[in-house]
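Text of upload.csv, listed as CSV, C-alpha atoms:
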```
chain,number,residue,atom,x,y,z
M,1,MET,CA,6.0,-22.2,-0.9
M,2,ILE,CA,6.9,-24.2,-4.0
M,3,ASN,CA,3.5,-23.3,-5.4
M,4,LEU,CA,4.0,-19.7,-4.7
M,5,LEU,CA,7.4,-19.7,-6.5
M,6,LYS,CA,5.9,-21.6,-9.4
M,7,HIS,CA,3.0,-19.2,-9.7
M,8,THR,CA,5.5,-16.3,-9.5
M,9,TYR,CA,7.4,-17.8,-12.4
M,10,LEU,CA,4.1,-17.9,-14.3
M,11,LEU,CA,3.1,-14.5,-12.9
M,12,ASP,CA,-0.4,-16.0,-12.2
M,13,LEU,CA,-1.6,-13.2,-10.0
M,14,SER,CA,-4.7,-14.7,-8.5
M,15,ALA,CA,-2.8,-17.9,-7.7
M,16,ILE,CA,0.0,-15.9,-6.1
M,17,LYS,CA,-2.6,-14.1,-4.0
M,18,GLY,CA,-4.2,-17.4,-3.0
M,19,ASP,CA,-0.9,-19.0,-2.1
M,20,ILE,CA,0.1,-16.1,0.1
M,21,GLU,CA,-3.2,-16.1,1.9
M,22,ARG,CA,-3.0,-19.9,2.4
M,23,LEU,CA,0.4,-19.6,3.9
M,24,TRP,CA,-0.7,-16.7,6.1
M,25,LYS,CA,-3.8,-18.6,7.4
M,26,ARG,CA,-1.7,-21.7,8.1
M,27,TYR,CA,0.8,-19.5,10.0
M,28,GLN,CA,-2.0,-17.9,12.0
M,29,LYS,CA,-3.5,-21.3,12.8
M,30,ILE,CA,-0.2,-22.7,14.0
M,31,ILE,CA,0.6,-19.8,16.3
M,32,GLY,CA,-3.0,-19.6,17.6
M,33,ASP,CA,-3.4,-23.3,18.3
M,34,LYS,CA,-2.4,-24.4,21.8
M,35,LYS,CA,-1.9,-27.9,20.5
M,36,SER,CA,0.7,-26.8,18.0
M,37,SER,CA,3.9,-28.8,18.3
M,38,TRP,CA,7.6,-27.7,18.1
M,39,GLU,CA,7.6,-29.1,14.6
M,40,ASP,CA,4.5,-27.0,13.7
M,41,LEU,CA,6.1,-23.9,15.2
M,42,ASN,CA,9.1,-24.4,13.0
M,43,GLU,CA,6.8,-24.6,10.0
M,44,ALA,CA,5.4,-21.2,11.2
M,45,ARG,CA,9.0,-19.9,11.5
M,46,ALA,CA,9.8,-20.9,8.0
M,47,THR,CA,6.6,-19.3,6.7
M,48,LEU,CA,7.3,-16.1,8.6
M,49,TYR,CA,10.8,-15.9,7.2
M,50,PHE,CA,9.6,-16.8,3.7
M,51,LEU,CA,6.6,-14.3,3.6
M,52,GLY,CA,8.4,-11.5,5.5
M,53,HIS,CA,11.8,-11.6,3.9
M,54,LEU,CA,12.7,-14.2,1.3
M,55,TYR,CA,9.7,-13.8,-0.9
M,56,PRO,CA,9.2,-10.0,-1.0
M,57,GLU,CA,12.9,-9.0,-0.7
M,58,HIS,CA,14.5,-11.6,-2.9
M,59,LEU,CA,12.1,-13.7,-5.1
M,60,ALA,CA,9.5,-11.1,-5.9
M,61,LEU,CA,12.1,-8.4,-6.3
M,62,GLU,CA,14.2,-10.6,-8.7
M,63,SER,CA,11.0,-11.3,-10.6
M,64,LEU,CA,10.2,-7.6,-11.0
M,65,GLU,CA,13.8,-6.8,-11.9
M,66,ARG,CA,13.7,-9.4,-14.7
M,67,ARG,CA,10.3,-8.4,-16.0
M,68,ILE,CA,10.5,-4.6,-15.9
M,69,LYS,CA,12.9,-4.8,-18.8
M,70,PHE,CA,10.0,-5.9,-21.0
M,71,VAL,CA,7.8,-2.8,-20.3
M,72,LYS,CA,7.8,-0.2,-23.1
M,73,PRO,CA,8.3,2.7,-23.0
M,74,LYS,CA,11.3,1.7,-21.0
M,75,ILE,CA,11.2,2.3,-17.3
M,76,THR,CA,13.7,1.6,-14.5
M,77,LEU,CA,12.6,-0.5,-11.5
M,78,ASP,CA,13.2,2.5,-9.2
M,79,LYS,CA,10.9,4.7,-11.2
M,80,PHE,CA,8.3,2.0,-11.4
M,81,PHE,CA,8.2,1.8,-7.6
M,82,LEU,CA,8.1,5.6,-7.2
M,83,ILE,CA,5.3,6.0,-9.7
M,84,ILE,CA,3.2,3.5,-7.8
M,85,ASP,CA,4.1,4.4,-4.2
M,86,LYS,CA,3.9,8.1,-4.7
M,87,ASN,CA,0.7,7.7,-6.7
M,88,ASP,CA,2.3,9.7,-9.6
M,89,VAL,CA,-0.9,10.4,-11.5
M,90,LYS,CA,0.9,11.7,-14.6
M,91,ASN,CA,3.0,8.6,-15.1
M,92,LEU,CA,0.2,6.2,-14.0
M,93,LYS,CA,-1.9,7.7,-16.8
M,94,LYS,CA,1.0,7.2,-19.3
M,95,TYR,CA,1.1,3.5,-18.5
M,96,SER,CA,-2.6,3.1,-17.8
M,97,LYS,CA,-3.3,0.9,-20.9
M,98,ASN,CA,0.1,-0.9,-20.7
M,99,GLU,CA,-0.8,-4.5,-20.0
M,100,LYS,CA,2.7,-5.5,-18.7
M,101,PHE,CA,3.0,-2.4,-16.5
M,102,ASN,CA,-0.4,-3.0,-15.0
M,103,LYS,CA,0.3,-6.7,-14.4
M,104,LEU,CA,3.6,-5.9,-12.6
M,105,LYS,CA,1.9,-3.1,-10.7
M,106,GLU,CA,-0.8,-5.5,-9.4
M,107,PHE,CA,2.0,-8.1,-8.6
M,108,TYR,CA,3.9,-5.4,-6.6
M,109,LEU,CA,0.7,-4.4,-4.7
M,110,ILE,CA,0.1,-8.1,-3.8
M,111,VAL,CA,3.7,-8.3,-2.5
M,112,LYS,CA,3.3,-5.1,-0.6
M,113,SER,CA,0.2,-6.3,1.0
M,114,ILE,CA,2.1,-9.2,2.7
M,115,LYS,CA,5.2,-7.1,3.3
M,116,ASN,CA,3.2,-4.4,5.1
M,117,ARG,CA,0.9,-6.7,7.0
M,118,VAL,CA,0.3,-6.0,10.7
M,119,LYS,CA,-1.7,-8.3,13.0
M,120,ASN,CA,-2.2,-7.6,16.7
M,121,GLY,CA,-0.4,-4.3,16.2
M,122,VAL,CA,2.8,-6.1,15.2
M,123,TYR,CA,4.4,-6.8,11.9
M,124,LEU,CA,3.3,-10.2,10.7
M,125,ASP,CA,2.2,-11.0,14.2
M,126,GLU,CA,5.8,-11.6,15.1
M,127,GLU,CA,5.4,-10.9,18.9
M,128,ARG,CA,2.8,-13.7,19.3
M,129,PHE,CA,4.9,-16.0,17.2
M,130,ASN,CA,8.0,-15.3,19.4
M,131,ASN,CA,6.0,-15.9,22.6
M,132,VAL,CA,4.7,-19.2,21.5
M,133,TYR,CA,8.0,-20.3,19.9
M,134,SER,CA,10.0,-19.5,23.0
M,135,LYS,CA,7.6,-21.5,25.2
M,136,LEU,CA,8.0,-24.6,23.1
M,137,GLU,CA,11.7,-24.3,22.5
M,138,PRO,CA,13.5,-27.4,23.9
M,139,LYS,CA,16.2,-26.8,26.5
M,140,ASN,CA,18.8,-28.6,24.4
M,141,TYR,CA,17.9,-26.8,21.1
M,142,PHE,CA,20.8,-25.3,19.3
L,143,MET,CA,15.1,17.4,-2.8
L,144,SER,CA,18.2,18.8,-1.2
L,145,ASN,CA,21.3,16.6,-1.4
L,146,ILE,CA,22.2,17.5,2.2
L,147,ILE,CA,20.1,17.1,5.2
L,148,THR,CA,21.2,18.0,8.7
L,149,GLY,CA,19.5,17.3,12.1
L,150,LYS,CA,19.6,15.4,15.3
L,151,ALA,CA,19.7,11.6,15.0
L,152,THR,CA,17.4,9.1,16.6
L,153,VAL,CA,18.7,5.5,16.6
L,154,ILE,CA,16.0,2.9,16.6
L,155,LYS,CA,16.8,-0.3,18.5
L,156,SER,CA,13.3,-1.5,19.0
L,157,ASN,CA,9.6,-0.7,18.1
L,158,LYS,CA,9.2,1.3,21.4
L,159,ASP,CA,11.8,3.8,20.3
L,160,TYR,CA,9.5,5.3,17.7
L,161,TYR,CA,7.1,6.4,20.5
L,162,LYS,CA,9.9,8.5,22.1
L,163,ILE,CA,10.3,10.7,19.0
L,164,LYS,CA,8.8,14.1,19.8
L,165,LYS,CA,10.8,16.5,17.6
L,166,GLU,CA,12.0,16.5,13.9
L,167,THR,CA,14.7,13.9,13.5
L,168,ILE,CA,16.9,11.9,11.2
L,169,LEU,CA,16.0,8.3,11.9
L,170,ILE,CA,18.7,5.6,11.9
L,171,ALA,CA,17.9,1.9,12.1
L,172,ASP,CA,19.1,-1.4,10.9
L,173,HIS,CA,15.6,-1.8,9.3
L,174,THR,CA,12.3,-0.1,10.0
L,175,HIS,CA,9.0,-1.4,11.5
L,176,PRO,CA,5.4,-0.5,10.7
L,177,ASP,CA,5.2,1.6,13.9
L,178,ILE,CA,7.3,4.2,12.0
L,179,VAL,CA,4.2,5.5,10.4
L,180,ILE,CA,3.1,7.2,13.7
L,181,VAL,CA,6.1,9.6,13.5
L,182,MET,CA,6.5,10.0,9.7
L,183,ASP,CA,5.6,13.7,10.0
L,184,LYS,CA,8.6,14.2,12.3
L,185,ILE,CA,11.1,12.3,10.2
L,186,LYS,CA,13.5,14.4,8.0
L,187,CYS,CA,15.1,11.4,6.4
L,188,ILE,CA,15.8,7.7,7.0
L,189,ILE,CA,19.1,5.9,7.2
L,190,THR,CA,19.2,2.1,7.3
L,191,GLU,CA,21.8,-0.6,7.4
L,192,LEU,CA,19.6,-2.9,5.3
L,193,ASP,CA,19.7,-2.3,1.6
L,194,ASN,CA,16.8,-3.7,-0.4
L,195,LYS,CA,14.3,-2.0,-2.8
L,196,LEU,CA,11.4,-4.0,-1.2
L,197,CYS,CA,12.3,-3.7,2.4
L,198,HIS,CA,9.9,-1.9,4.7
L,199,ALA,CA,12.0,1.3,4.8
L,200,ALA,CA,12.2,1.5,1.0
L,201,ILE,CA,8.4,1.2,0.6
L,202,VAL,CA,7.5,3.6,3.4
L,203,SER,CA,10.0,6.2,2.3
L,204,ARG,CA,8.6,6.2,-1.2
L,205,GLU,CA,5.0,6.3,0.0
L,206,TYR,CA,5.7,9.2,2.4
L,207,LYS,CA,8.1,10.9,0.0
L,208,LYS,CA,11.0,10.9,2.6
L,209,PRO,CA,14.6,10.7,1.5
L,210,LEU,CA,16.3,7.4,2.3
L,211,LEU,CA,19.9,6.3,2.5
L,212,MET,CA,20.2,2.5,2.6
L,213,GLY,CA,23.2,0.2,3.1
L,214,VAL,CA,25.0,2.3,5.7
L,215,GLN,CA,27.0,-0.3,7.5
L,216,ASN,CA,27.1,-0.1,11.3
L,217,ALA,CA,25.1,3.1,11.2
L,218,THR,CA,23.2,2.2,14.4
L,219,LYS,CA,26.6,1.7,16.2
L,220,LYS,CA,28.5,4.7,14.7
L,221,PHE,CA,25.8,7.2,15.8
L,222,LYS,CA,23.7,7.6,18.9
L,223,THR,CA,20.4,9.3,19.6
L,224,GLY,CA,21.0,13.1,20.0
L,225,ASP,CA,24.0,13.3,17.7
L,226,LYS,CA,23.9,16.2,15.3
L,227,ILE,CA,24.6,14.8,11.9
L,228,MET,CA,24.8,15.7,8.2
L,229,VAL,CA,23.5,13.3,5.6
L,230,ASP,CA,25.0,13.8,2.1
L,231,PHE,CA,22.8,11.8,-0.3
L,232,LYS,CA,24.8,12.6,-3.4
L,233,ASN,CA,28.0,11.1,-1.9
L,234,LYS,CA,26.2,8.7,0.4
L,235,LEU,CA,28.0,10.1,3.4
L,236,ILE,CA,27.0,10.7,7.0
L,237,LYS,CA,29.1,12.9,9.3
L,238,LYS,CA,28.8,14.1,12.9
L,239,ILE,CA,28.7,17.9,13.1
L,240,LYS,CA,29.2,20.2,16.1
```
Please lay out the structure from this file as structure tokens.
Amino acid sequence: MINLLKHTYLLDLSAIKGDIERLWKRYQKIIGDKKSSWEDLNEARATLYFLGHLYPEHLALESLERRIKFVKPKITLDKFFLIIDKNDVKNLKKYSKNEKFNKLKEFYLIVKSIKNRVKNGVYLDEERFNNVYSKLEPKNYF
Amino acid sequence: MSNIITGKATVIKSNKDYYKIKKETILIADHTHPDIVIVMDKIKCIITELDNKLCHAAIVSREYKKPLLMGVQNATKKFKTGDKIMVDFKNKLIKKIK
């Protein structure tokens, strides 16, 4: 998670992608392994919260908010999201050779790929996580 | 896009609630889930309690070109499924209508 944050500061896109996939694979391994301990399950819980909420909705968003100001011609973050999500061909063409825009666009698509990820028909495989987690939860846990 | 949308509300409490949507509706949720995509053609607009530009509802509403009003506190408690409501996007207001 620290690496992912570091690479987000650096906006190293391939490293960000790699870090996200490593976290996802580790999360999948923990919830799929019958030998996983209560401690492992809490690592998975932290990963789920980080990948599903903290990273996309706070850290990545703040990174985009800060960096969008450097794109010229000027563009608001709302418009940036709309251009990409609505596949606004006219505006995508306008920024097609803009290095900063394209880098932020790629970053946003990486973030969206984890934010929108579904496994076993459920967002971030949450149902499987909840089942395994509740089975291992100690009676005196508070 | 019109600033005012009226229609019947569907309050989402769990993933299963999306599958109950059969007619055009105004969707109200704390936050949305990926299952929403199966009924996007029936959704007139989305109202959420959560307010974040990168939350699921924000992404999906942009992708499907659906109006979205975020940050409506206690929306899932103030309204219930079947309520006829009016959503005023300009003034960020939701009212029950008769």
Using only C-alpha atoms, find each residue in range 70-109 of chain M having at least one atom no more than 12 Å away from range 14-30 of chain M; report its shortest atom-to-atom pair and that distance in Å (one decimal), rows by chain then rising number, as a tab-separated table.
```
residue	atom	partner	partner_atom	distance
M:Lys103	CA	M:Ser14	CA	11.1
M:Glu106	CA	M:Ser14	CA	10.0
M:Phe107	CA	M:Ile16	CA	8.4
M:Tyr108	CA	M:Lys17	CA	11.2
M:Leu109	CA	M:Lys17	CA	10.3
```
Distance cut-off 7 Å, counting all atoms listed in the file - which residues of chain M neighbour chain L? Return them as a tab-separated table (two decimals) with C-alpha atoms, in the coordinates of the input.
```tsv
chain	number	residue	atom	x	y	z
M	56	PRO	CA	9.20	-10.00	-1.00
M	57	GLU	CA	12.90	-9.00	-0.70
M	61	LEU	CA	12.10	-8.40	-6.30
M	82	LEU	CA	8.10	5.60	-7.20
M	85	ASP	CA	4.10	4.40	-4.20
M	86	LYS	CA	3.90	8.10	-4.70
M	123	TYR	CA	4.40	-6.80	11.90
```
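In this structure, CA of Tyr141 in chain M sits 20.5 Å away from CA of Lys34 in chain M.
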Check: Which polymer residues, protein or nucleic acid, are no farther than 10 Å from (21.4, 8.1, 2.8), counting all atoms listed in the file, as number ranges by chain?
Finding: L: 145-147, 170, 187-191, 209-214, 228-236
Based on the selection just made, write C-alpha atoms of those residues as a PDB file, in the coordinates of the input.
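So selection07.pdb came out as:
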```pdb
ATOM      1  CA  ASN L 145      21.300  16.600  -1.400  1.00  0.00           C
ATOM      2  CA  ILE L 146      22.200  17.500   2.200  1.00  0.00           C
ATOM      3  CA  ILE L 147      20.100  17.100   5.200  1.00  0.00           C
ATOM      4  CA  ILE L 170      18.700   5.600  11.900  1.00  0.00           C
ATOM      5  CA  CYS L 187      15.100  11.400   6.400  1.00  0.00           C
ATOM      6  CA  ILE L 188      15.800   7.700   7.000  1.00  0.00           C
ATOM      7  CA  ILE L 189      19.100   5.900   7.200  1.00  0.00           C
ATOM      8  CA  THR L 190      19.200   2.100   7.300  1.00  0.00           C
ATOM      9  CA  GLU L 191      21.800  -0.600   7.400  1.00  0.00           C
ATOM     10  CA  PRO L 209      14.600  10.700   1.500  1.00  0.00           C
ATOM     11  CA  LEU L 210      16.300   7.400   2.300  1.00  0.00           C
ATOM     12  CA  LEU L 211      19.900   6.300   2.500  1.00  0.00           C
ATOM     13  CA  MET L 212      20.200   2.500   2.600  1.00  0.00           C
ATOM     14  CA  GLY L 213      23.200   0.200   3.100  1.00  0.00           C
ATOM     15  CA  VAL L 214      25.000   2.300   5.700  1.00  0.00           C
ATOM     16  CA  MET L 228      24.800  15.700   8.200  1.00  0.00           C
ATOM     17  CA  VAL L 229      23.500  13.300   5.600  1.00  0.00           C
ATOM     18  CA  ASP L 230      25.000  13.800   2.100  1.00  0.00           C
ATOM     19  CA  PHE L 231      22.800  11.800  -0.300  1.00  0.00           C
ATOM     20  CA  LYS L 232      24.800  12.600  -3.400  1.00  0.00           C
ATOM     21  CA  ASN L 233      28.000  11.100  -1.900  1.00  0.00           C
ATOM     22  CA  LYS L 234      26.200   8.700   0.400  1.00  0.00           C
ATOM     23  CA  LEU L 235      28.000  10.100   3.400  1.00  0.00           C
ATOM     24  CA  ILE L 236      27.000  10.700   7.000  1.00  0.00           C
TER      25      ILE L 236
END
```
Got a sec: who's within 8 Å of Tyr160 in chain L, counting all atoms listed in the file, leaving out chain neighbours fewer than 5 positions off, as a list in words?
Ile154, Asp177, Ile178, Ile180 and Val181 of chain L
**Prompt:** Got a sec to check which residues sit within 8 Å of (18.9, 13.5, 18.0), counting all atoms listed in the file, and write them as a list in words?
**Reply:** Gly149, Lys150, Ala151, Thr152, Thr167, Ile168, Lys222, Thr223, Gly224, Asp225 and Lys226 of chain L
